[in-house]
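Have a look at the structure below before the remarks.
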Amino acid sequence: MSRPVFHPRNDQSALRGSLEVHLLGLVDFASCLALQDRIAFDISGRGDSQGALLLCEHPPIITIGREGHAPEVLADERTLAACEIDVKWIARGGGCFVHAPGQLSIYPILPLDRLDMRLPDYRQHLESAVIDVCRELKVAAKRRPESPGVWGRAGQLAHFGAGVRNWVTSGGMHLNVRPESSFLRLVDSNGLGIRAASLEGTLHRPVGDALIRTALIEYICARFGYNRHHVHTGHPLLKRTRRLVCQHV
């Protein structure tokens with residue numbers, strides 16, 4: 001189907017360069033974080049607006065950002081230890097998030113200064129791109145200016161937590177497609193006591209991963225003004241690890 005094109009600014013400066021998209025599959029959080037740092041370093045040394053987008057899922061882990069608090073982890077230490085779920089404090093915005101298979105992590109690595117953007121603009125465009133995908137799936141979704149993320153009728157569908165260094169972004173959003181509901185109950189992910197929801201739980205039917213990824217890439221390109229993108233499977237600098245993954249709590 002034909003999707004709308006958005007131009008967030010009147011000038012055409014962001015139409016230079018391309019968005020390099022990497023589909024990583026299931027990758028542990030630490031390896032993905034290291035890859036983001038390496039790509040961000042490379043982008044910070046460029047002179048154009050080329051950016052990168054990593055799409056992946058993570059084995060179960062809980063991360064706490066700068067606005068997060070330890071009491072937002074609702075599971076006790078024994079439960080987390082039995083399931084081998086780590087809790088990590090990381091240098092990003094946002095609160096306490098749980099990551100698990102079935103949740104799509106969306107990491108745009110973009111040079112905000114060369115895109116003529118500030119962090120609030122980045123958040124608005126990224127949340128809007130996720131809302132575009134939800135609406136294409138016939139899922140009602142909206143932003144809340146006072147509360148980062150994307151919200152549906154059944155709860156919070158996606159969480160926003162990003163950082164910026166040398167005007168290059170890291171982190172991004174985490175969209176609940178079909179994560180096991182027991183994982184979502186491990187944390188208070190918005191600090192408001194509002195439960196997390198998923199796309200498939202809202203629709204009561206399966207949703208194709210390829211459809212979501214394709215729509216998301218196109219809407220992110222449109223929202224951020226990229227007229228070219230290239231899709232790659234994996235990344236040559238990604239260092240993968242192997243371990244058993246908890247399937248439910």
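Ligands are numbered from 1 in the order shown, residues from 1 within each chain, and chains are lettered A, B, ... in the order they appear in the structure tokens.
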**OP:** With a distance cut-off of 7 Å and only C-alpha atoms, select the neighbouring residues of Ala196 (chain A), excluding the residue or stretch itself and same-chain residues fewer than 2 positions from it, and output the selection as a list in words.
**Re:**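 Once the nearby chain positions are removed, what remains is Gly155, Gln156, Leu157, Leu184 and Ile194 of chain A.
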Subject >> Which of region 16-219 of chain A fall in alpha helix (DSSP H), as an MDAnalysis selection string >> reply: chainID A and resid 29:44 77:82 119:136 181:184 199:203 209:219
**OP:** Check the smallest atom-to-atom distance from each of A:Leu186, A:Ala162, A:Val168, A:Val130 to Arg46 (chain A) using only C-alpha atoms, then report the winner.
**Re:**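 Closest candidate: A:Val168.
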Original post:
Which is closest to Ile217 (chain A) among A:Ser181, A:Thr233, A:Val133, A:Arg78, if we use only C-alpha atoms?
Top reply: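 Selected residue with least distance to Ile217 (chain A): A:Val133.
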Subject >> Residues near Arg242 (chain A), cut-off 12 Å, only C-alpha atoms, skip fewer than 2 positions along chain, as JSON, numbers by chain >> reply: {"A": [26, 27, 28, 31, 59, 239, 240, 244, 245]}
Original post:
Which one of A:Leu203, A:Leu80, A:Val87, A:Leu126 sits closest to Lys138 (chain A) if you count only C-alpha atoms?
Top reply: A:Leu203
Original post:
Quick one: of A:Ala75, A:Ile85, A:Ala40, A:Leu35, who's nearest to Ile61 (chain A), counting only C-alpha atoms?
Top reply: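 Closest candidate: A:Ile85.
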